[in-house]
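Source file: model_11.cif; contents: mmCIF, C-alpha atoms.
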data_model
#
loop_
_atom_site.group_PDB
_atom_site.id
_atom_site.type_symbol
_atom_site.label_atom_id
_atom_site.label_comp_id
_atom_site.auth_asym_id
_atom_site.auth_seq_id
_atom_site.Cartn_x
_atom_site.Cartn_y
_atom_site.Cartn_z
ATOM 1 C CA MET A 1 -9.687 -0.285 -21.921
ATOM 2 C CA ARG A 2 -10.386 3.196 -23.295
ATOM 3 C CA ILE A 3 -8.544 5.980 -21.490
ATOM 4 C CA THR A 4 -9.098 9.703 -22.036
ATOM 5 C CA THR A 5 -6.436 11.805 -23.759
ATOM 6 C CA SER A 6 -5.557 13.549 -20.478
ATOM 7 C CA ALA A 7 -5.282 10.195 -18.708
ATOM 8 C CA ALA A 8 -3.020 8.939 -21.480
ATOM 9 C CA ARG A 9 -0.826 12.015 -21.082
ATOM 10 C CA ARG A 10 -0.606 11.355 -17.356
ATOM 11 C CA ARG A 11 0.425 7.778 -18.010
ATOM 12 C CA ARG A 12 3.116 8.844 -20.489
ATOM 13 C CA ALA A 13 4.414 11.338 -17.930
ATOM 14 C CA GLY A 14 4.448 8.557 -15.351
ATOM 15 C CA TYR A 15 6.452 6.324 -17.693
ATOM 16 C CA THR A 16 9.011 9.087 -18.291
ATOM 17 C CA ALA A 17 9.405 9.887 -14.611
ATOM 18 C CA ALA A 18 9.572 6.218 -13.708
ATOM 19 C CA ALA A 19 12.327 5.662 -16.263
ATOM 20 C CA ALA A 20 14.334 8.504 -14.757
ATOM 21 C CA LEU A 21 13.887 7.092 -11.274
ATOM 22 C CA LEU A 22 14.855 3.604 -12.375
ATOM 23 C CA GLY A 23 18.018 4.990 -13.893
ATOM 24 C CA LEU A 24 18.899 6.602 -10.568
ATOM 25 C CA LEU A 25 18.213 3.390 -8.705
ATOM 26 C CA ALA A 26 20.269 1.344 -11.127
ATOM 27 C CA ALA A 27 23.195 3.701 -10.624
ATOM 28 C CA ALA A 28 23.043 3.756 -6.850
ATOM 29 C CA GLY A 29 21.388 0.491 -5.905
ATOM 30 C CA SER A 30 18.098 0.185 -4.016
ATOM 31 C CA PRO A 31 17.948 -1.144 -0.471
ATOM 32 C CA ALA A 32 15.648 -3.888 0.689
ATOM 33 C CA TYR A 33 13.390 -2.575 3.459
ATOM 34 C CA ALA A 34 13.446 -4.776 6.535
ATOM 35 C CA ALA A 35 9.969 -5.558 7.827
ATOM 36 C CA THR A 36 7.921 -8.259 9.469
ATOM 37 C CA ASP A 37 4.824 -7.585 7.381
ATOM 38 C CA GLY A 38 5.929 -9.234 4.161
ATOM 39 C CA SER A 39 5.795 -5.933 2.269
ATOM 40 C CA VAL A 40 9.448 -5.885 1.296
ATOM 41 C CA ASP A 41 11.456 -5.766 -1.889
ATOM 42 C CA ARG A 42 11.628 -9.272 -3.306
ATOM 43 C CA VAL A 43 14.826 -8.493 -5.236
ATOM 44 C CA PRO A 44 17.706 -8.533 -2.735
ATOM 45 C CA ASP A 45 20.641 -6.202 -3.073
ATOM 46 C CA VAL A 46 23.854 -7.764 -4.389
ATOM 47 C CA PRO A 47 26.911 -6.382 -2.558
ATOM 48 C CA PRO A 48 29.375 -4.671 -4.887
ATOM 49 C CA SER A 49 32.461 -6.691 -5.777
ATOM 50 C CA GLY A 50 35.382 -6.159 -3.410
ATOM 51 C CA HIS A 51 33.222 -6.107 -0.245
ATOM 52 C CA ALA A 52 33.991 -9.653 0.830
ATOM 53 C CA ALA A 53 37.279 -9.002 2.667
ATOM 54 C CA PRO A 54 37.115 -10.148 6.319
ATOM 55 C CA ALA A 55 37.239 -7.607 9.121
ATOM 56 C CA GLY A 56 40.699 -6.583 10.221
ATOM 57 C CA THR A 57 42.290 -6.824 6.770
ATOM 58 C CA ALA A 58 43.417 -4.040 4.478
ATOM 59 C CA GLY A 59 40.600 -5.017 2.179
ATOM 60 C CA SER A 60 38.022 -4.427 4.914
ATOM 61 C CA ALA A 61 39.041 -0.764 5.205
ATOM 62 C CA GLN A 62 38.665 -0.379 1.475
ATOM 63 C CA GLY A 63 35.337 -2.192 1.660
ATOM 64 C CA ALA A 64 34.133 0.125 4.430
ATOM 65 C CA ALA A 65 35.052 3.165 2.344
ATOM 66 C CA GLN A 66 33.278 1.702 -0.671
ATOM 67 C CA GLY A 67 30.271 0.884 1.502
ATOM 68 C CA ALA A 68 30.100 4.457 2.774
ATOM 69 C CA ALA A 69 30.310 5.758 -0.779
ATOM 70 C CA HIS A 70 27.604 3.321 -1.842
ATOM 71 C CA GLU A 71 25.284 4.501 0.963
ATOM 72 C CA ALA A 72 25.950 8.132 0.068
ATOM 73 C CA ALA A 73 25.107 7.408 -3.568
ATOM 74 C CA GLN A 74 21.894 5.666 -2.493
ATOM 75 C CA GLY A 75 20.918 8.646 -0.366
ATOM 76 C CA ALA A 76 21.576 11.052 -3.225
ATOM 77 C CA ALA A 77 19.545 8.926 -5.637
ATOM 78 C CA HIS A 78 16.627 8.707 -3.238
ATOM 79 C CA GLU A 79 16.668 12.450 -2.620
ATOM 80 C CA ALA A 80 16.705 13.042 -6.363
ATOM 81 C CA ALA A 81 13.809 10.609 -6.768
ATOM 82 C CA ARG A 82 11.839 12.381 -4.054
ATOM 83 C CA GLY A 83 12.515 15.703 -5.737
ATOM 84 C CA ALA A 84 11.303 14.383 -9.089
ATOM 85 C CA SER A 85 7.972 13.098 -7.780
ATOM 86 C CA GLY A 86 7.537 14.561 -4.300
ATOM 87 C CA VAL A 87 6.836 11.040 -2.984
ATOM 88 C CA PRO A 88 9.398 8.952 -1.053
ATOM 89 C CA LEU A 89 10.328 5.529 -2.410
ATOM 90 C CA GLY A 90 10.320 3.896 1.019
ATOM 91 C CA ILE A 91 7.433 1.656 2.060
ATOM 92 C CA SER A 92 5.141 3.526 4.450
ATOM 93 C CA ARG A 93 4.125 1.562 7.555
ATOM 94 C CA LEU A 94 3.349 4.396 9.987
ATOM 95 C CA ALA A 95 0.178 6.384 10.516
ATOM 96 C CA GLU A 96 0.464 10.107 9.890
ATOM 97 C CA GLY A 97 0.936 12.343 12.893
ATOM 98 C CA ALA A 98 2.519 11.734 16.260
ATOM 99 C CA GLY A 99 1.404 9.948 19.385
ATOM 100 C CA ARG A 100 -1.517 7.529 19.443
ATOM 101 C CA GLN A 101 -2.443 7.566 15.779
ATOM 102 C CA VAL A 102 -3.630 4.515 13.862
ATOM 103 C CA ALA A 103 -4.251 4.007 10.140
ATOM 104 C CA ILE A 104 -6.895 1.505 9.036
ATOM 105 C CA THR A 105 -6.395 0.017 5.568
ATOM 106 C CA ILE A 106 -8.892 -2.132 3.659
ATOM 107 C CA ASP A 107 -7.746 -4.414 0.807
ATOM 108 C CA ASP A 108 -8.994 -6.398 -2.188
ATOM 109 C CA GLY A 109 -12.301 -4.661 -2.916
ATOM 110 C CA PRO A 110 -14.508 -3.146 -3.849
ATOM 111 C CA ASP A 111 -17.046 -5.884 -3.257
ATOM 112 C CA PRO A 112 -20.817 -5.382 -3.603
ATOM 113 C CA ARG A 113 -21.596 -7.355 -0.463
ATOM 114 C CA TRP A 114 -18.837 -6.421 1.942
ATOM 115 C CA THR A 115 -17.683 -2.920 0.991
ATOM 116 C CA PRO A 116 -21.029 -1.292 1.921
ATOM 117 C CA GLN A 117 -20.935 -3.042 5.306
ATOM 118 C CA VAL A 118 -17.378 -1.892 5.953
ATOM 119 C CA LEU A 119 -18.307 1.648 4.919
ATOM 120 C CA ALA A 120 -21.303 1.665 7.269
ATOM 121 C CA THR A 121 -19.136 0.477 10.171
ATOM 122 C CA LEU A 122 -16.470 3.097 9.492
ATOM 123 C CA ARG A 123 -19.127 5.804 9.189
ATOM 124 C CA LYS A 124 -20.759 4.820 12.487
ATOM 125 C CA ASN A 125 -17.395 5.081 14.261
ATOM 126 C CA HIS A 126 -16.329 8.306 12.508
ATOM 127 C CA VAL A 127 -13.278 6.609 10.989
ATOM 128 C CA LYS A 128 -11.558 7.444 7.712
ATOM 129 C CA ALA A 129 -9.612 4.568 6.158
ATOM 130 C CA THR A 130 -7.514 3.801 3.100
ATOM 131 C CA PHE A 131 -9.063 1.417 0.553
ATOM 132 C CA CYS A 132 -6.577 -0.548 -1.554
ATOM 133 C CA MET A 133 -8.606 -1.471 -4.629
ATOM 134 C CA ILE A 134 -8.037 -4.017 -7.363
ATOM 135 C CA GLY A 135 -8.353 -2.332 -10.753
ATOM 136 C CA THR A 136 -10.674 -4.868 -12.379
ATOM 137 C CA LYS A 137 -13.021 -4.683 -9.396
ATOM 138 C CA ALA A 138 -13.015 -0.891 -9.447
ATOM 139 C CA GLN A 139 -13.864 -1.129 -13.138
ATOM 140 C CA LYS A 140 -16.723 -3.549 -12.426
ATOM 141 C CA TYR A 141 -18.151 -1.652 -9.437
ATOM 142 C CA PRO A 142 -17.451 2.050 -10.064
ATOM 143 C CA GLU A 143 -20.379 3.076 -7.864
ATOM 144 C CA LEU A 144 -18.599 1.532 -4.875
ATOM 145 C CA VAL A 145 -15.404 3.429 -5.669
ATOM 146 C CA ARG A 146 -17.471 6.608 -5.714
ATOM 147 C CA ALA A 147 -19.120 5.677 -2.398
ATOM 148 C CA VAL A 148 -15.714 5.173 -0.777
ATOM 149 C CA ALA A 149 -14.448 8.506 -2.080
ATOM 150 C CA ALA A 150 -17.658 10.320 -1.110
ATOM 151 C CA ASP A 151 -17.160 9.250 2.512
ATOM 152 C CA GLY A 152 -13.720 10.870 2.552
ATOM 153 C CA HIS A 153 -11.574 7.758 2.500
ATOM 154 C CA GLN A 154 -8.240 7.596 0.680
ATOM 155 C CA LEU A 155 -7.761 5.502 -2.447
ATOM 156 C CA CYS A 156 -4.917 3.064 -3.013
ATOM 157 C CA ASP A 157 -3.943 1.167 -6.163
ATOM 158 C CA HIS A 158 -3.674 -2.590 -5.493
ATOM 159 C CA SER A 159 -2.733 -3.437 -9.130
ATOM 160 C CA VAL A 160 -4.913 -4.518 -12.046
ATOM 161 C CA ASP A 161 -5.772 -8.041 -10.881
ATOM 162 C CA HIS A 162 -3.816 -8.814 -7.686
ATOM 163 C CA ASP A 163 -1.056 -10.949 -9.189
ATOM 164 C CA VAL A 164 1.023 -11.899 -6.138
ATOM 165 C CA THR A 165 3.805 -13.169 -8.428
ATOM 166 C CA MET A 166 4.301 -9.877 -10.243
ATOM 167 C CA ASP A 167 7.590 -9.313 -8.395
ATOM 168 C CA HIS A 168 8.965 -12.154 -10.549
ATOM 169 C CA LYS A 169 7.694 -10.595 -13.768
ATOM 170 C CA PRO A 170 9.425 -8.124 -16.129
ATOM 171 C CA VAL A 171 9.469 -4.440 -15.231
ATOM 172 C CA ALA A 172 7.152 -3.680 -18.164
ATOM 173 C CA TYR A 173 4.565 -6.023 -16.666
ATOM 174 C CA GLN A 174 4.901 -4.445 -13.233
ATOM 175 C CA ARG A 175 4.460 -0.995 -14.789
ATOM 176 C CA GLN A 176 1.333 -2.126 -16.631
ATOM 177 C CA GLN A 177 -0.179 -3.620 -13.473
ATOM 178 C CA ILE A 178 0.521 -0.492 -11.441
ATOM 179 C CA LEU A 179 -0.383 2.253 -13.897
ATOM 180 C CA GLU A 180 -3.401 0.575 -15.473
ATOM 181 C CA GLY A 181 -4.736 -0.354 -12.023
ATOM 182 C CA LYS A 182 -4.458 3.297 -11.025
ATOM 183 C CA ALA A 183 -6.182 4.383 -14.258
ATOM 184 C CA MET A 184 -9.082 2.005 -13.634
ATOM 185 C CA ILE A 185 -9.691 3.498 -10.191
ATOM 186 C CA GLU A 186 -9.344 7.056 -11.484
ATOM 187 C CA LYS A 187 -11.853 6.404 -14.248
ATOM 188 C CA ALA A 188 -14.489 5.538 -11.626
ATOM 189 C CA VAL A 189 -13.922 8.807 -9.728
ATOM 190 C CA PRO A 190 -12.441 11.454 -12.056
ATOM 191 C CA GLY A 191 -10.499 14.102 -10.184
ATOM 192 C CA VAL A 192 -10.042 12.068 -6.991
ATOM 193 C CA PRO A 193 -6.363 11.236 -6.412
ATOM 194 C CA VAL A 194 -5.059 7.722 -5.897
ATOM 195 C CA THR A 195 -2.447 8.433 -3.256
ATOM 196 C CA TYR A 196 -0.934 5.033 -2.414
ATOM 197 C CA TYR A 197 0.199 1.818 -4.096
ATOM 198 C CA ARG A 198 0.178 -1.496 -2.224
ATOM 199 C CA ALA A 199 1.811 -4.435 -3.968
ATOM 200 C CA PRO A 200 -0.277 -7.639 -4.022
ATOM 201 C CA GLY A 201 0.857 -9.752 -1.088
ATOM 202 C CA GLY A 202 3.332 -6.998 -0.220
ATOM 203 C CA ALA A 203 5.578 -8.152 -3.082
ATOM 204 C CA PHE A 204 7.379 -4.893 -3.793
ATOM 205 C CA THR A 205 10.467 -4.524 -5.926
ATOM 206 C CA PRO A 206 12.744 -1.491 -6.297
ATOM 207 C CA ASP A 207 11.246 -1.040 -9.756
ATOM 208 C CA SER A 208 7.638 -1.163 -8.594
ATOM 209 C CA ARG A 209 8.307 1.343 -5.829
ATOM 210 C CA ALA A 210 9.953 3.712 -8.298
ATOM 211 C CA ILE A 211 7.081 3.402 -10.766
ATOM 212 C CA ALA A 212 4.497 4.048 -8.037
ATOM 213 C CA ALA A 213 6.353 7.039 -6.610
ATOM 214 C CA ALA A 214 6.868 8.549 -10.055
ATOM 215 C CA SER A 215 3.098 8.503 -10.572
ATOM 216 C CA GLY A 216 2.451 10.148 -7.200
ATOM 217 C CA MET A 217 1.633 7.061 -5.131
ATOM 218 C CA ARG A 218 3.432 6.255 -1.875
ATOM 219 C CA PRO A 219 4.364 2.571 -1.567
ATOM 220 C CA LEU A 220 2.193 1.281 1.285
ATOM 221 C CA GLY A 221 2.887 -1.599 3.641
ATOM 222 C CA TRP A 222 1.407 -2.434 7.035
ATOM 223 C CA SER A 223 2.579 -3.114 10.574
ATOM 224 C CA VAL A 224 -0.335 -5.171 11.942
ATOM 225 C CA ASP A 225 -1.833 -8.086 9.984
ATOM 226 C CA PRO A 226 -4.580 -10.152 11.668
ATOM 227 C CA GLN A 227 -4.792 -12.518 8.663
ATOM 228 C CA ASP A 228 -8.520 -11.793 8.506
ATOM 229 C CA TRP A 229 -8.581 -12.962 4.868
ATOM 230 C CA SER A 230 -8.010 -16.531 6.115
ATOM 231 C CA ARG A 231 -11.069 -16.382 8.410
ATOM 232 C CA PRO A 232 -9.254 -17.439 11.605
ATOM 233 C CA GLY A 233 -12.255 -16.530 13.764
ATOM 234 C CA LEU A 234 -13.340 -13.295 15.424
ATOM 235 C CA LYS A 235 -11.391 -13.995 18.618
ATOM 236 C CA ALA A 236 -8.144 -14.564 16.704
ATOM 237 C CA ILE A 237 -8.571 -11.388 14.658
ATOM 238 C CA LEU A 238 -9.257 -9.247 17.722
ATOM 239 C CA SER A 239 -6.352 -10.812 19.607
ATOM 240 C CA ALA A 240 -4.000 -9.930 16.757
ATOM 241 C CA VAL A 241 -5.119 -6.310 16.458
ATOM 242 C CA GLU A 242 -5.585 -5.587 20.161
ATOM 243 C CA GLY A 243 -2.252 -7.053 21.230
ATOM 244 C CA LYS A 244 0.861 -4.976 21.745
ATOM 245 C CA LEU A 245 0.527 -2.451 18.943
ATOM 246 C CA PRO A 246 3.600 -0.840 17.395
ATOM 247 C CA GLN A 247 3.950 2.910 17.357
ATOM 248 C CA GLN A 248 1.551 4.623 14.924
ATOM 249 C CA PRO A 249 0.311 1.312 13.507
ATOM 250 C CA THR A 250 -1.033 0.691 10.029
ATOM 251 C CA VAL A 251 -3.569 -2.133 10.355
ATOM 252 C CA LEU A 252 -4.534 -4.420 7.469
ATOM 253 C CA PHE A 253 -8.102 -5.630 6.861
ATOM 254 C CA HIS A 254 -9.963 -6.877 3.770
ATOM 255 C CA ASP A 255 -13.317 -6.141 2.156
ATOM 256 C CA GLY A 256 -12.843 -8.452 -0.838
ATOM 257 C CA GLY A 257 -11.551 -11.851 -1.839
ATOM 258 C CA GLY A 258 -14.182 -13.996 -0.130
ATOM 259 C CA ASP A 259 -16.422 -14.097 2.919
ATOM 260 C CA ARG A 260 -15.513 -11.027 4.966
ATOM 261 C CA SER A 261 -18.156 -11.420 7.686
ATOM 262 C CA GLU A 262 -15.459 -11.921 10.341
ATOM 263 C CA THR A 263 -13.728 -8.729 9.216
ATOM 264 C CA VAL A 264 -16.933 -6.715 9.515
ATOM 265 C CA ALA A 265 -17.613 -8.191 12.958
ATOM 266 C CA ALA A 266 -14.046 -7.442 14.048
ATOM 267 C CA LEU A 267 -14.224 -3.832 12.875
ATOM 268 C CA LYS A 268 -17.455 -3.325 14.816
ATOM 269 C CA GLU A 269 -15.600 -4.224 18.014
ATOM 270 C CA TYR A 270 -12.116 -2.981 17.194
ATOM 271 C CA LEU A 271 -12.864 0.588 16.169
ATOM 272 C CA PRO A 272 -14.674 1.514 19.423
ATOM 273 C CA TRP A 273 -11.918 -0.253 21.373
ATOM 274 C CA LEU A 274 -9.255 1.885 19.702
ATOM 275 C CA THR A 275 -11.186 5.034 20.588
ATOM 276 C CA GLU A 276 -11.483 3.884 24.195
ATOM 277 C CA GLN A 277 -7.714 3.339 24.286
ATOM 278 C CA GLY A 278 -7.147 6.949 23.244
ATOM 279 C CA TYR A 279 -6.201 6.306 19.616
ATOM 280 C CA ARG A 280 -7.008 8.782 16.882
ATOM 281 C CA PHE A 281 -7.502 7.766 13.272
ATOM 282 C CA SER A 282 -5.374 9.061 10.420
ATOM 283 C CA PHE A 283 -4.083 7.930 7.046
ATOM 284 C CA PRO A 284 -0.728 6.232 6.341
ATOM 285 C CA ALA A 285 2.234 8.601 6.126
ATOM 286 C CA ARG A 286 2.829 9.893 2.585
ATOM 287 C CA THR A 287 5.829 12.212 2.953
ATOM 288 C CA ALA A 288 7.735 10.923 5.990
ATOM 289 C CA PRO A 289 10.593 8.450 5.371
#

Please go through the file and, once you have read it, give me the structure as structure tokens.
Amino acid sequence: MRITTSAARRRRAGYTAAAALLGLLAAAGSPAYAATDGSVDRVPDVPPSGHAAPAGTAGSAQGAAQGAAHEAAQGAAHEAARGASGVPLGISRLAEGAGRQVAITIDDGPDPRWTPQVLATLRKNHVKATFCMIGTKAQKYPELVRAVAADGHQLCDHSVDHDVTMDHKPVAYQRQQILEGKAMIEKAVPGVPVTYYRAPGGAFTPDSRAIAAASGMRPLGWSVDPQDWSRPGLKAILSAVEGKLPQQPTVLFHDGGGDRSETVAALKEYLPWLTEQGYRFSFPARTAP
């Protein structure tokens, strides 16, 4: 893939910043983010040696002190990482703003059949969403990337080709998937920022989060997943998204990866329902923890 000189400079800057962030994380450790959405670090933290003493022993006091120092070091590293890139490393699962805000996210496109239908539905309901695009699809359908951006939606990097096993691959491979996916989207719409990174299948690692943040993309998860990709039926999708919603939910839908007719039908009913319930639409949080 041919990339402009300025794009290449941006990528080299991203590599340098990512390396600095990874060094900070290696020194301080990187916590796994608890979640029910599957978008968590797949590399668990290994407790430092000396933390296995049972409670009530002299060793436990030493372990507690070491644990406090470890947490302080993590906090310092994360603050330094935020300062280097301006983007937190934590996985965003909340909609921006306070109160009854909801963020709609659309994954796995763009798709020539389904993306235009999703765009038309969003436009009719005056909703701005976040589209998490696969790089090779953005490269194949640049006019759809431009259509999404022209309607005022946010862009999200969903990797080069949606490899859900990339959390088991070397860091160099993760970096390539993240940064080249971003470059493919940017090439379709020069000058439009790609503001989020969503790992395929939610398979984040501390490394992938650091690489994304260093290049200006907030790691993006979700808090409501109706499993629309599996085509469970319109009733099942609506039941999942209209149930007890968490505070400031980020809702996951799909416009690619197969027949998305149920998703389009669900959005046509769900978006007016949210408005009737007093929800307002926003994007996922970029700067909040």

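Closest approach to A:Lys169 among A:Leu267, A:Ala129, A:Asp207, A:Arg218: A:Asp207, based on all atoms listed in the file.
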
The distance between atom CA of A:Glu143 and atom CA of A:Ala183 is 15.6 Å

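Each of A:Lys182, A:Arg146, A:His158, A:Arg93 was checked against A:Asp225 using all atoms listed in the file; the smallest atom-to-atom distance is that of A:Arg93.
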
For the structure shown, which residues end up in the PyMOL selection byres ((chain A and resi 219) around 6)? Put them as a PDB file with C-alpha atoms, in the frame of the given file, please?
ATOM      1  CA  ILE A  91       7.433   1.656   2.060  1.00  0.00           C
ATOM      2  CA  TYR A 196      -0.934   5.033  -2.414  1.00  0.00           C
ATOM      3  CA  TYR A 197       0.199   1.818  -4.096  1.00  0.00           C
ATOM      4  CA  ARG A 198       0.178  -1.496  -2.224  1.00  0.00           C
ATOM      5  CA  ARG A 209       8.307   1.343  -5.829  1.00  0.00           C
ATOM      6  CA  ARG A 218       3.432   6.255  -1.875  1.00  0.00           C
ATOM      7  CA  LEU A 220       2.193   1.281   1.285  1.00  0.00           C
TER       8      LEU A 220
END

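Checking A:Cys156, A:Val171, A:Ala266, A:Leu94 one by one against A:Val194, counting only C-alpha atoms, you find the shortest gap at A:Cys156.
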
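When all atoms listed in the file are used to compute distances to A:Asp167, the closest of the residues A:Thr136, A:Ser282, A:Arg42, A:Ala120 turns out to be A:Arg42.
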
Exercise: A:Gly135 partners within 7 Å, only C-alpha atoms, chain neighbours under 2 positions left out, as a PDB file with C-alpha atoms, in the coordinates of the input:
ATOM      1  CA  MET A 133      -8.606  -1.471  -4.629  1.00  0.00           C
ATOM      2  CA  LYS A 137     -13.021  -4.683  -9.396  1.00  0.00           C
ATOM      3  CA  ALA A 138     -13.015  -0.891  -9.447  1.00  0.00           C
ATOM      4  CA  GLN A 139     -13.864  -1.129 -13.138  1.00  0.00           C
ATOM      5  CA  SER A 159      -2.733  -3.437  -9.130  1.00  0.00           C
ATOM      6  CA  VAL A 160      -4.913  -4.518 -12.046  1.00  0.00           C
ATOM      7  CA  ASP A 161      -5.772  -8.041 -10.881  1.00  0.00           C
ATOM      8  CA  GLY A 181      -4.736  -0.354 -12.023  1.00  0.00           C
ATOM      9  CA  LYS A 182      -4.458   3.297 -11.025  1.00  0.00           C
ATOM     10  CA  MET A 184      -9.082   2.005 -13.634  1.00  0.00           C
ATOM     11  CA  ILE A 185      -9.691   3.498 -10.191  1.00  0.00           C
TER      12      ILE A 185
END

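Taken over the whole file, the PyMOL selection byres ((chain A and resi 87-89) around 7) covers exactly Arg82, Ser85, Gly86, Gly90, Ile91, Arg209, Ala210, Ala213, Gly216, Met217, Arg218, Pro219, Arg286, Thr287 and Pro289 of chain A.
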
Residues from the last selection, C-alpha atoms, saved as a PDB file, in the coordinates of the input:
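As a result, again23.pdb now contains:
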ATOM      1  CA  ARG A  82      11.839  12.381  -4.054  1.00  0.00           C
ATOM      2  CA  SER A  85       7.972  13.098  -7.780  1.00  0.00           C
ATOM      3  CA  GLY A  86       7.537  14.561  -4.300  1.00  0.00           C
ATOM      4  CA  GLY A  90      10.320   3.896   1.019  1.00  0.00           C
ATOM      5  CA  ILE A  91       7.433   1.656   2.060  1.00  0.00           C
ATOM      6  CA  ARG A 209       8.307   1.343  -5.829  1.00  0.00           C
ATOM      7  CA  ALA A 210       9.953   3.712  -8.298  1.00  0.00           C
ATOM      8  CA  ALA A 213       6.353   7.039  -6.610  1.00  0.00           C
ATOM      9  CA  GLY A 216       2.451  10.148  -7.200  1.00  0.00           C
ATOM     10  CA  MET A 217       1.633   7.061  -5.131  1.00  0.00           C
ATOM     11  CA  ARG A 218       3.432   6.255  -1.875  1.00  0.00           C
ATOM     12  CA  PRO A 219       4.364   2.571  -1.567  1.00  0.00           C
ATOM     13  CA  ARG A 286       2.829   9.893   2.585  1.00  0.00           C
ATOM     14  CA  THR A 287       5.829  12.212   2.953  1.00  0.00           C
ATOM     15  CA  PRO A 289      10.593   8.450   5.371  1.00  0.00           C
TER      16      PRO A 289
END

Select from stretch 88-125 of chain A every residue with an atom at most 8 Å from any atom of stretch 255-261 of chain A, then for each give the shortest pair of atoms and their distance in Å to one decimal, using all atoms listed in the file, rows by chain and rising number, as a Markdown table.
| residue | atom | partner | partner_atom | distance |
| --- | --- | --- | --- | --- |
| A:Ile106 | CA | A:Asp255 | CA | 6.2 |
| A:Asp107 | CA | A:Asp255 | CA | 6.0 |
| A:Asp108 | CA | A:Gly256 | CA | 4.6 |
| A:Gly109 | CA | A:Gly256 | CA | 4.4 |
| A:Pro110 | CA | A:Gly256 | CA | 6.3 |
| A:Asp111 | CA | A:Gly256 | CA | 5.5 |
| A:Trp114 | CA | A:Asp255 | CA | 5.5 |
| A:Thr115 | CA | A:Asp255 | CA | 5.5 |
| A:Val118 | CA | A:Asp255 | CA | 7.0 |

Could you state which residues are captured by the PyMOL selection byres ((chain A and resi 274-278) around 12) in this file, as a PDB file with C-alpha atoms, in the frame of the given file?
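The new file selection.pdb reads:
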ATOM      1  CA  GLY A  99       1.404   9.948  19.385  1.00  0.00           C
ATOM      2  CA  ARG A 100      -1.517   7.529  19.443  1.00  0.00           C
ATOM      3  CA  GLN A 101      -2.443   7.566  15.779  1.00  0.00           C
ATOM      4  CA  VAL A 102      -3.630   4.515  13.862  1.00  0.00           C
ATOM      5  CA  ALA A 103      -4.251   4.007  10.140  1.00  0.00           C
ATOM      6  CA  ILE A 104      -6.895   1.505   9.036  1.00  0.00           C
ATOM      7  CA  ASN A 125     -17.395   5.081  14.261  1.00  0.00           C
ATOM      8  CA  HIS A 126     -16.329   8.306  12.508  1.00  0.00           C
ATOM      9  CA  VAL A 127     -13.278   6.609  10.989  1.00  0.00           C
ATOM     10  CA  LEU A 238      -9.257  -9.247  17.722  1.00  0.00           C
ATOM     11  CA  VAL A 241      -5.119  -6.310  16.458  1.00  0.00           C
ATOM     12  CA  GLU A 242      -5.585  -5.587  20.161  1.00  0.00           C
ATOM     13  CA  GLY A 243      -2.252  -7.053  21.230  1.00  0.00           C
ATOM     14  CA  LEU A 245       0.527  -2.451  18.943  1.00  0.00           C
ATOM     15  CA  PRO A 249       0.311   1.312  13.507  1.00  0.00           C
ATOM     16  CA  VAL A 251      -3.569  -2.133  10.355  1.00  0.00           C
ATOM     17  CA  ALA A 266     -14.046  -7.442  14.048  1.00  0.00           C
ATOM     18  CA  LEU A 267     -14.224  -3.832  12.875  1.00  0.00           C
ATOM     19  CA  LYS A 268     -17.455  -3.325  14.816  1.00  0.00           C
ATOM     20  CA  GLU A 269     -15.600  -4.224  18.014  1.00  0.00           C
ATOM     21  CA  TYR A 270     -12.116  -2.981  17.194  1.00  0.00           C
ATOM     22  CA  LEU A 271     -12.864   0.588  16.169  1.00  0.00           C
ATOM     23  CA  PRO A 272     -14.674   1.514  19.423  1.00  0.00           C
ATOM     24  CA  TRP A 273     -11.918  -0.253  21.373  1.00  0.00           C
ATOM     25  CA  TYR A 279      -6.201   6.306  19.616  1.00  0.00           C
ATOM     26  CA  ARG A 280      -7.008   8.782  16.882  1.00  0.00           C
ATOM     27  CA  PHE A 281      -7.502   7.766  13.272  1.00  0.00           C
TER      28      PHE A 281
END

A straight line from atom CA of A:Pro112 to atom CA of A:Ala203 spans 26.5 Å

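Proximity of A:Val189, A:Pro142, A:Val264, A:Pro246 to A:Trp229, computed with all atoms listed in the file, is greatest for A:Val264.
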
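A straight line drawn from atom CA of A:Lys140 to atom CA of A:Gln176 is 18.6 Å long.
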
Among A:His153, A:Arg113, A:His168, A:Arg123, A:Phe283 is approached most closely, using only C-alpha atoms, by A:His153

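Around A:Pro226, within 10 Å and counting only C-alpha atoms, the residues found are Ser230, Arg231, Pro232, Ala236, Ile237, Leu238, Ser239, Ala240, Val241, Glu242, Val251, Leu252, Phe253 and Thr263 of chain A, once anything fewer than 4 positions away on its own chain is removed.
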